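Q: Okay, handing you the structure first.
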Amino acid sequence: MKCVLEWLERTAEKYPEKIAVEGPQSRCTYAELLERSRRIGSALAAKIDANTPVAVYMEKGIDTVCAFFGIVYAGGFYSQLNPELPPQRLLQIEEVLRAPYILTDRESRPAAAAIFPEALLLCVEELKTAEIDGALLAGARETMLDVDPLYANFTSGSTGVPKGVVVSHRSVLDFIGSFTELFSIGENDRIGNQAPFDFDVSVKDIYSAVAVGATLVIIPRSLFSRPAELLDYLCEKRVTTLVWAVSALCLISTVHGLDYKTPETVNKVLFSGEVMPLRHLRSWMEHLPKAAFVNLYGPTEITCNCTYHRIDRSRDYEAGIPVGRAFPNKQIVLLDDQNRRVTEVGKTGEICVRGSGVALGYYCAKEQTERAFVQNPLNERFRDVLYRTGDLGRFDENGELFFCGRKDFQIKYMGHRIELEEIEKRMSEVPGIERCCCVFDAEKSRLYGFYLGTLDKKELFGTLKTMLPVYMIPGVLKPVESMPMTKNGKIDRKELLRLAKERKGEKNGTT
């Protein structure tokens, strides 16, 4: 197998009338998904060369999935331009991508035209009515290789310019095959898609469904601000599988939504993105006593995930939830500051990953690629690429990997080296604290602790004094009504830091 189209074709042949993708008001079968994708591919194939990027600007939905596969049929690769993003951010992405065409739909076209006035826009409603040109599609397919790019997802860049992570067919084929087998995802599953389509968690949703013949249930973005309606939707659609960001799960458990209604058809909950607060995990497990829970870890650059840990209901996890063991055909290597392998139990090193899941690099960013995708310093004999995650980890005596924070979240405060995640873990254990996040203002050497909960600041400070050294207690504790989130469902630390500085400015009478 050399491209994801083979999954679609095989599944459409096996389950032609089965629902492939379902949304709030519409659905399409695998036969329809295949036909629409081939029509879009036929319309595009005459316009683009092999391995050409094509941008997609529309809300996630059935037509978006058709557009992705249609672009691949034409021999190109896709990159989702999320309408949630600010126009300036979208322009930055397109400036890097330089896609010759932007696919959109009738609803999104006016906004696309306003943001990209010089772009060539193609309307998906028109493309999916084009005649299927078998010869043209066969020509595009003939030159396709498994190392060709499938998609480019853009992440934050340290230079201020978004980085486009380019992932190949081979990487997705390799990962999804293991993912669906390990977690018993099959044709009877209904996968509830939470993640936006420009976030790689959605890759697990889309391609797991297509690979095994499951149904992809698209959950509207708006429901994640209305927990009761979200739970109603999960129950109505009889969702069985949640591959969600931690923050999305906590959105429900923070307001005790599972007491209102429990989606009892859910039998698999796979979470990633942040450290799962133990009290929220326990709430979900209590309400879904027969469901399997799995902690997943891995950045976009290694194709979705590189490690996993199945939650053991008999284990208390007071020492933390491990991120576990490597997926098949991926290897985790811990390196110290001198690029030596860390093998000692409990010693921290940078998490580095090798294997077929490692991305092709950053699009049109050679220097950034060479800094992150490096020759394995433990192997001088042949080309052997490691991806340096920038995350810290340690192995325990059982060989399980524990996430120990970001290298850039390790701060020097009051003369001590501190991991912000360690403070957050302790804060989250305080009764009455639902969520928390710590940020550090390096310019002022000031540590802030933001939290959701019922405790006042004095009570929280007093409790933390019994749990942490004085130098690890945030000098400023700030209760908030909600945590700002990034588009990928993670707590937005940059926004919290901005709020911290803004509030300090107000207090001091500055702007």
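Residues are named by chain letter and number: chains run A, B, ... in the order of the structure tokens, numbers start at 1 in each chain, and ligands are numbered from 1 in the order shown.
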Tell me which protein, DNA and RNA residues are within 9 Å of stretch 353-359 of chain A, counting only C-alpha atoms, leaving out same-chain ones fewer than 5 positions away, and put them as a PyMOL selection string.

A: chain A and resi 165-168+170-172+174-175+300-306+329-334+373+376+384-389

Q: Write out as number ranges by chain which residues come within 9 Å of stretch 215-228 of chain A when counting only C-alpha atoms, dropping same-chain ones fewer than 3 positions away.

A: A: 18-24, 60-62, 187-196, 205-206, 208-210, 231-234, 237, 239, 248, 251-252, 255, 257-258, 260-261

Q: Save out the residues we just selected, N, CA, C and O atoms, as a short mmCIF file (atom, residue, chain, number, x, y, z; two decimals), in the first residue's frame.

A:
```
data_model
loop_
_atom_site.label_atom_id
_atom_site.label_comp_id
_atom_site.auth_asym_id
_atom_site.auth_seq_id
_atom_site.Cartn_x
_atom_site.Cartn_y
_atom_site.Cartn_z
N LYS A 18 -22.57 2.09 3.55
CA LYS A 18 -22.39 2.46 4.95
C LYS A 18 -22.09 3.95 5.05
O LYS A 18 -21.44 4.53 4.19
N ILE A 19 -22.55 4.58 6.15
CA ILE A 19 -22.29 6.01 6.34
C ILE A 19 -20.82 6.21 6.66
O ILE A 19 -20.29 5.65 7.61
N ALA A 20 -20.16 7.01 5.83
CA ALA A 20 -18.74 7.31 6.02
C ALA A 20 -18.54 8.51 6.92
O ALA A 20 -17.74 8.48 7.86
N VAL A 21 -19.28 9.58 6.62
CA VAL A 21 -19.16 10.84 7.38
C VAL A 21 -20.56 11.35 7.67
O VAL A 21 -21.42 11.39 6.80
N GLU A 22 -20.75 11.76 8.92
CA GLU A 22 -22.06 12.25 9.34
C GLU A 22 -21.90 13.54 10.12
O GLU A 22 -21.00 13.66 10.97
N GLY A 23 -22.72 14.52 9.80
CA GLY A 23 -22.73 15.78 10.51
C GLY A 23 -24.08 16.03 11.14
O GLY A 23 -24.92 15.13 11.20
N PRO A 24 -24.34 17.26 11.59
CA PRO A 24 -25.62 17.55 12.25
C PRO A 24 -26.83 17.38 11.33
O PRO A 24 -27.86 16.88 11.77
N LYS A 60 -15.01 22.60 8.95
CA LYS A 60 -14.91 21.15 8.82
C LYS A 60 -16.29 20.56 8.56
O LYS A 60 -17.30 21.02 9.10
N GLY A 61 -16.33 19.57 7.68
CA GLY A 61 -17.59 18.96 7.30
C GLY A 61 -17.37 17.89 6.24
O GLY A 61 -16.23 17.56 5.88
N ILE A 62 -18.45 17.37 5.71
CA ILE A 62 -18.38 16.31 4.72
C ILE A 62 -17.63 16.77 3.48
O ILE A 62 -16.75 16.07 2.96
N GLU A 187 -15.11 -1.50 12.15
CA GLU A 187 -16.18 -0.99 11.29
C GLU A 187 -17.44 -0.63 12.06
O GLU A 187 -18.29 0.12 11.57
N ASN A 188 -17.60 -1.12 13.28
CA ASN A 188 -18.80 -0.79 14.06
C ASN A 188 -18.64 0.48 14.89
O ASN A 188 -19.58 0.89 15.58
N ASP A 189 -17.48 1.09 14.84
CA ASP A 189 -17.26 2.29 15.64
C ASP A 189 -17.81 3.54 14.98
O ASP A 189 -17.89 3.65 13.75
N ARG A 190 -18.17 4.48 15.85
CA ARG A 190 -18.60 5.81 15.42
C ARG A 190 -17.70 6.80 16.15
O ARG A 190 -17.81 6.98 17.37
N ILE A 191 -16.78 7.41 15.39
CA ILE A 191 -15.72 8.24 15.95
C ILE A 191 -16.19 9.69 16.01
O ILE A 191 -16.48 10.31 14.99
N GLY A 192 -16.27 10.22 17.23
CA GLY A 192 -16.75 11.60 17.42
C GLY A 192 -15.62 12.59 17.26
O GLY A 192 -14.79 12.75 18.16
N ASN A 193 -15.59 13.28 16.13
CA ASN A 193 -14.50 14.21 15.83
C ASN A 193 -14.63 15.52 16.60
O ASN A 193 -15.57 16.29 16.38
N GLN A 194 -13.68 15.78 17.48
CA GLN A 194 -13.63 17.04 18.22
C GLN A 194 -12.67 18.04 17.59
O GLN A 194 -12.93 19.24 17.55
N ALA A 195 -11.53 17.56 17.11
CA ALA A 195 -10.43 18.43 16.69
C ALA A 195 -10.73 19.15 15.38
O ALA A 195 -11.36 18.61 14.48
N PRO A 196 -10.26 20.39 15.25
CA PRO A 196 -10.33 21.06 13.95
C PRO A 196 -9.48 20.29 12.94
O PRO A 196 -8.54 19.59 13.30
N ASP A 205 -8.92 10.67 13.51
CA ASP A 205 -10.35 10.49 13.29
C ASP A 205 -10.65 10.10 11.84
O ASP A 205 -11.31 9.09 11.57
N ILE A 206 -10.15 10.91 10.92
CA ILE A 206 -10.48 10.72 9.50
C ILE A 206 -9.94 9.40 8.97
O ILE A 206 -10.69 8.59 8.38
N SER A 208 -8.56 6.75 10.57
CA SER A 208 -8.98 5.53 11.26
C SER A 208 -10.33 5.08 10.71
O SER A 208 -10.53 3.89 10.44
N ALA A 209 -11.25 6.03 10.54
CA ALA A 209 -12.57 5.68 10.01
C ALA A 209 -12.47 5.08 8.62
O ALA A 209 -13.04 4.01 8.34
N VAL A 210 -11.74 5.73 7.74
CA VAL A 210 -11.64 5.26 6.36
C VAL A 210 -10.89 3.94 6.27
O VAL A 210 -11.24 3.07 5.46
N LEU A 231 -23.27 16.87 25.05
CA LEU A 231 -23.58 15.53 25.55
C LEU A 231 -24.83 14.97 24.87
O LEU A 231 -24.89 13.77 24.56
N ASP A 232 -25.82 15.82 24.65
CA ASP A 232 -27.01 15.39 23.91
C ASP A 232 -26.62 14.86 22.53
O ASP A 232 -27.13 13.83 22.07
N TYR A 233 -25.72 15.57 21.88
CA TYR A 233 -25.29 15.21 20.52
C TYR A 233 -24.55 13.87 20.54
O TYR A 233 -24.79 13.01 19.69
N LEU A 234 -23.64 13.69 21.49
CA LEU A 234 -22.91 12.43 21.59
C LEU A 234 -23.86 11.25 21.78
O LEU A 234 -23.67 10.18 21.19
N LYS A 237 -26.03 10.70 18.49
CA LYS A 237 -25.26 10.10 17.39
C LYS A 237 -24.64 8.76 17.78
O LYS A 237 -23.97 8.13 16.96
N VAL A 239 -22.11 7.88 19.61
CA VAL A 239 -20.66 7.87 19.43
C VAL A 239 -20.03 6.81 20.33
O VAL A 239 -20.42 6.65 21.50
N ALA A 248 -10.88 19.36 26.02
CA ALA A 248 -12.26 19.10 25.60
C ALA A 248 -12.96 18.18 26.60
O ALA A 248 -14.14 18.38 26.93
N LEU A 251 -13.69 20.17 29.72
CA LEU A 251 -14.79 21.10 29.54
C LEU A 251 -16.08 20.50 30.10
O LEU A 251 -16.88 21.19 30.76
N ILE A 252 -16.25 19.22 29.87
CA ILE A 252 -17.46 18.53 30.34
C ILE A 252 -17.38 18.23 31.84
O ILE A 252 -18.31 18.50 32.60
N VAL A 255 -17.79 21.16 34.59
CA VAL A 255 -19.15 21.59 34.95
C VAL A 255 -20.02 20.41 35.38
O VAL A 255 -21.24 20.52 35.45
N GLY A 257 -20.82 17.80 33.81
CA GLY A 257 -21.78 17.49 32.77
C GLY A 257 -22.19 16.04 32.72
O GLY A 257 -23.32 15.71 32.32
N LEU A 258 -21.30 15.13 33.11
CA LEU A 258 -21.62 13.71 33.05
C LEU A 258 -22.70 13.33 34.05
O LEU A 258 -23.32 12.27 33.91
N TYR A 260 -25.32 15.18 34.32
CA TYR A 260 -26.52 15.51 33.54
C TYR A 260 -26.86 14.38 32.58
O TYR A 260 -28.01 13.92 32.51
N LYS A 261 -25.87 13.93 31.84
CA LYS A 261 -26.11 12.85 30.88
C LYS A 261 -24.78 12.16 30.57
O LYS A 261 -23.79 12.83 30.30
#
```

Q: Just checking: using only C-alpha atoms, which residue out of A:Tyr363, A:Tyr413, A:Phe116, A:Trp7 ends up closest to A:Thr155?

A: A:Tyr363

Q: Name the residues in contact with A:Phe271 at a cut-off of 10 Å, using only C-alpha atoms, excluding same-chain residues fewer than 2 positions from it; report them as number ranges by chain.

A: A: 201, 242-249, 268-269, 273-276, 281, 293-297, 308

Q: Output N, CA, C and O atoms for every residue in the selection just made, as a PDB file, in the first residue's frame.

A:
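Result saved to part-v1.pdb:
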```pdb
ATOM      1  N   VAL A 201      -4.820  15.752  15.522  1.00  0.00           N
ATOM      2  CA  VAL A 201      -5.723  14.801  16.170  1.00  0.00           C
ATOM      3  C   VAL A 201      -6.814  14.363  15.192  1.00  0.00           C
ATOM      4  O   VAL A 201      -7.254  13.214  15.202  1.00  0.00           O
ATOM      5  N   LEU A 242     -13.915   8.454  21.385  1.00  0.00           N
ATOM      6  CA  LEU A 242     -13.495   9.845  21.528  1.00  0.00           C
ATOM      7  C   LEU A 242     -11.980   9.898  21.477  1.00  0.00           C
ATOM      8  O   LEU A 242     -11.303   9.339  22.346  1.00  0.00           O
ATOM      9  N   VAL A 243     -11.447  10.564  20.463  1.00  0.00           N
ATOM     10  CA  VAL A 243     -10.011  10.837  20.382  1.00  0.00           C
ATOM     11  C   VAL A 243      -9.892  12.347  20.542  1.00  0.00           C
ATOM     12  O   VAL A 243      -9.879  13.093  19.569  1.00  0.00           O
ATOM     13  N   TRP A 244      -9.818  12.794  21.802  1.00  0.00           N
ATOM     14  CA  TRP A 244     -10.031  14.202  22.121  1.00  0.00           C
ATOM     15  C   TRP A 244      -8.827  14.811  22.833  1.00  0.00           C
ATOM     16  O   TRP A 244      -8.033  14.122  23.468  1.00  0.00           O
ATOM     17  N   ALA A 245      -8.741  16.118  22.738  1.00  0.00           N
ATOM     18  CA  ALA A 245      -7.789  16.866  23.546  1.00  0.00           C
ATOM     19  C   ALA A 245      -8.250  16.832  25.000  1.00  0.00           C
ATOM     20  O   ALA A 245      -9.456  16.780  25.285  1.00  0.00           O
ATOM     21  N   VAL A 246      -7.298  16.863  25.915  1.00  0.00           N
ATOM     22  CA  VAL A 246      -7.609  16.853  27.342  1.00  0.00           C
ATOM     23  C   VAL A 246      -8.570  17.981  27.702  1.00  0.00           C
ATOM     24  O   VAL A 246      -9.534  17.790  28.460  1.00  0.00           O
ATOM     25  N   SER A 247      -8.343  19.166  27.152  1.00  0.00           N
ATOM     26  CA  SER A 247      -9.183  20.317  27.485  1.00  0.00           C
ATOM     27  C   SER A 247     -10.635  20.100  27.098  1.00  0.00           C
ATOM     28  O   SER A 247     -11.541  20.599  27.781  1.00  0.00           O
ATOM     29  N   ALA A 248     -10.882  19.362  26.018  1.00  0.00           N
ATOM     30  CA  ALA A 248     -12.259  19.102  25.602  1.00  0.00           C
ATOM     31  C   ALA A 248     -12.963  18.181  26.603  1.00  0.00           C
ATOM     32  O   ALA A 248     -14.140  18.382  26.927  1.00  0.00           O
ATOM     33  N   LEU A 249     -12.254  17.177  27.082  1.00  0.00           N
ATOM     34  CA  LEU A 249     -12.828  16.292  28.098  1.00  0.00           C
ATOM     35  C   LEU A 249     -13.079  17.055  29.393  1.00  0.00           C
ATOM     36  O   LEU A 249     -14.116  16.880  30.045  1.00  0.00           O
ATOM     37  N   LYS A 268     -14.395   3.860  24.205  1.00  0.00           N
ATOM     38  CA  LYS A 268     -12.965   4.183  24.085  1.00  0.00           C
ATOM     39  C   LYS A 268     -12.780   5.686  24.219  1.00  0.00           C
ATOM     40  O   LYS A 268     -13.424   6.454  23.500  1.00  0.00           O
ATOM     41  N   VAL A 269     -11.894   6.096  25.126  1.00  0.00           N
ATOM     42  CA  VAL A 269     -11.565   7.509  25.305  1.00  0.00           C
ATOM     43  C   VAL A 269     -10.052   7.630  25.234  1.00  0.00           C
ATOM     44  O   VAL A 269      -9.336   7.146  26.113  1.00  0.00           O
ATOM     45  N   GLY A 273      -2.488  15.966  24.287  1.00  0.00           N
ATOM     46  CA  GLY A 273      -2.358  17.414  24.160  1.00  0.00           C
ATOM     47  C   GLY A 273      -1.813  18.091  25.400  1.00  0.00           C
ATOM     48  O   GLY A 273      -1.035  19.033  25.307  1.00  0.00           O
ATOM     49  N   GLU A 274      -2.259  17.634  26.563  1.00  0.00           N
ATOM     50  CA  GLU A 274      -1.821  18.198  27.836  1.00  0.00           C
ATOM     51  C   GLU A 274      -1.837  17.089  28.875  1.00  0.00           C
ATOM     52  O   GLU A 274      -2.354  15.998  28.637  1.00  0.00           O
ATOM     53  N   VAL A 275      -1.310  17.393  30.058  1.00  0.00           N
ATOM     54  CA  VAL A 275      -1.385  16.446  31.166  1.00  0.00           C
ATOM     55  C   VAL A 275      -2.831  16.377  31.648  1.00  0.00           C
ATOM     56  O   VAL A 275      -3.446  17.405  31.946  1.00  0.00           O
ATOM     57  N   MET A 276      -3.382  15.170  31.724  1.00  0.00           N
ATOM     58  CA  MET A 276      -4.762  14.998  32.169  1.00  0.00           C
ATOM     59  C   MET A 276      -4.842  15.123  33.696  1.00  0.00           C
ATOM     60  O   MET A 276      -4.207  14.358  34.422  1.00  0.00           O
ATOM     61  N   LEU A 281      -9.965  12.735  35.031  1.00  0.00           N
ATOM     62  CA  LEU A 281      -9.905  11.365  34.518  1.00  0.00           C
ATOM     63  C   LEU A 281     -10.782  10.445  35.358  1.00  0.00           C
ATOM     64  O   LEU A 281     -11.541   9.624  34.821  1.00  0.00           O
ATOM     65  N   PHE A 293      -9.543   3.656  28.551  1.00  0.00           N
ATOM     66  CA  PHE A 293      -8.963   4.995  28.526  1.00  0.00           C
ATOM     67  C   PHE A 293      -7.480   4.873  28.194  1.00  0.00           C
ATOM     68  O   PHE A 293      -6.780   4.000  28.721  1.00  0.00           O
ATOM     69  N   VAL A 294      -7.011   5.772  27.313  1.00  0.00           N
ATOM     70  CA  VAL A 294      -5.619   5.714  26.865  1.00  0.00           C
ATOM     71  C   VAL A 294      -5.032   7.119  26.839  1.00  0.00           C
ATOM     72  O   VAL A 294      -5.652   8.050  26.308  1.00  0.00           O
ATOM     73  N   ASN A 295      -3.847   7.257  27.433  1.00  0.00           N
ATOM     74  CA  ASN A 295      -3.104   8.514  27.372  1.00  0.00           C
ATOM     75  C   ASN A 295      -2.154   8.455  26.179  1.00  0.00           C
ATOM     76  O   ASN A 295      -1.348   7.522  26.069  1.00  0.00           O
ATOM     77  N   LEU A 296      -2.264   9.430  25.286  1.00  0.00           N
ATOM     78  CA  LEU A 296      -1.443   9.472  24.075  1.00  0.00           C
ATOM     79  C   LEU A 296      -0.495  10.658  24.141  1.00  0.00           C
ATOM     80  O   LEU A 296      -0.822  11.702  24.691  1.00  0.00           O
ATOM     81  N   TYR A 297       0.676  10.486  23.539  1.00  0.00           N
ATOM     82  CA  TYR A 297       1.638  11.587  23.511  1.00  0.00           C
ATOM     83  C   TYR A 297       2.334  11.629  22.151  1.00  0.00           C
ATOM     84  O   TYR A 297       2.645  10.594  21.567  1.00  0.00           O
ATOM     85  N   TYR A 308       1.985   5.605  23.976  1.00  0.00           N
ATOM     86  CA  TYR A 308       0.636   5.441  24.525  1.00  0.00           C
ATOM     87  C   TYR A 308       0.713   4.704  25.855  1.00  0.00           C
ATOM     88  O   TYR A 308       1.654   3.953  26.120  1.00  0.00           O
TER      89      TYR A 308
END
```

Q: Which residue is closest to A:Gly349? Choose from A:Leu401, A:Ala319, A:Val439, A:Ala500 and count only C-alpha atoms.

A: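 The shortest atom-to-atom distance to A:Gly349 comes from A:Leu401.
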
Q: Do you know which residues are at most 12 Å from A:Ile411 counting only C-alpha atoms, after dropping those on the same chain fewer than 3 positions away, and could you put them as a PyMOL selection string?

A: chain A and resi 405-408+414-423+438-442+445-447+471-472

Q: Stretch 144-264 of chain A: which residues are helix (DSSP H, G or I) by DSSP, as JSON, numbers by chain?

A: {"A": [169, 170, 171, 172, 173, 174, 175, 176, 177, 178, 179, 180, 181, 182, 201, 202, 203, 204, 205, 206, 207, 208, 209, 210, 211, 212, 221, 222, 223, 224, 225, 227, 228, 229, 230, 231, 232, 233, 234, 235, 236, 246, 247, 248, 249, 250, 251, 252, 253, 254, 257, 258, 259, 260]}

Q: Which residue is closest to A:Ile93? Choose from A:Asp133, A:Glu59, A:Asp198, A:Glu142 and count only C-alpha atoms.

A: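 Nearest to A:Ile93: A:Asp198.
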
Q: For A:Leu455, which residue among A:Lys128, A:Pro474, A:Ile433, A:Glu443 is the nearest when counting only C-alpha atoms?

A: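 Of A:Lys128, A:Pro474, A:Ile433, A:Glu443, the one nearest A:Leu455 is A:Ile433, counting only C-alpha atoms.
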
Q: Using DSSP on the backbone coordinates, identify the residues of stretch 255-392 of chain A assigned to strand (DSSP E or B); present them as a PyMOL selection string.

A: chain A and resi 268-272+292-297+307-310+324-326+330-335+341+349-355+361-362+373-375+385-392

Q: So how many Å separate atom CA of A:Arg325 and atom CA of A:Thr254, to one decimal?

A: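 Interatomic distance here is 29.1 Å.
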
Q: Would you compute the distance between atom CA of A:Val323 and atom CA of A:Phe402? Give it in Å to one decimal.

A: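 Separating atom CA of A:Val323 from atom CA of A:Phe402 is a distance of 5.5 Å.
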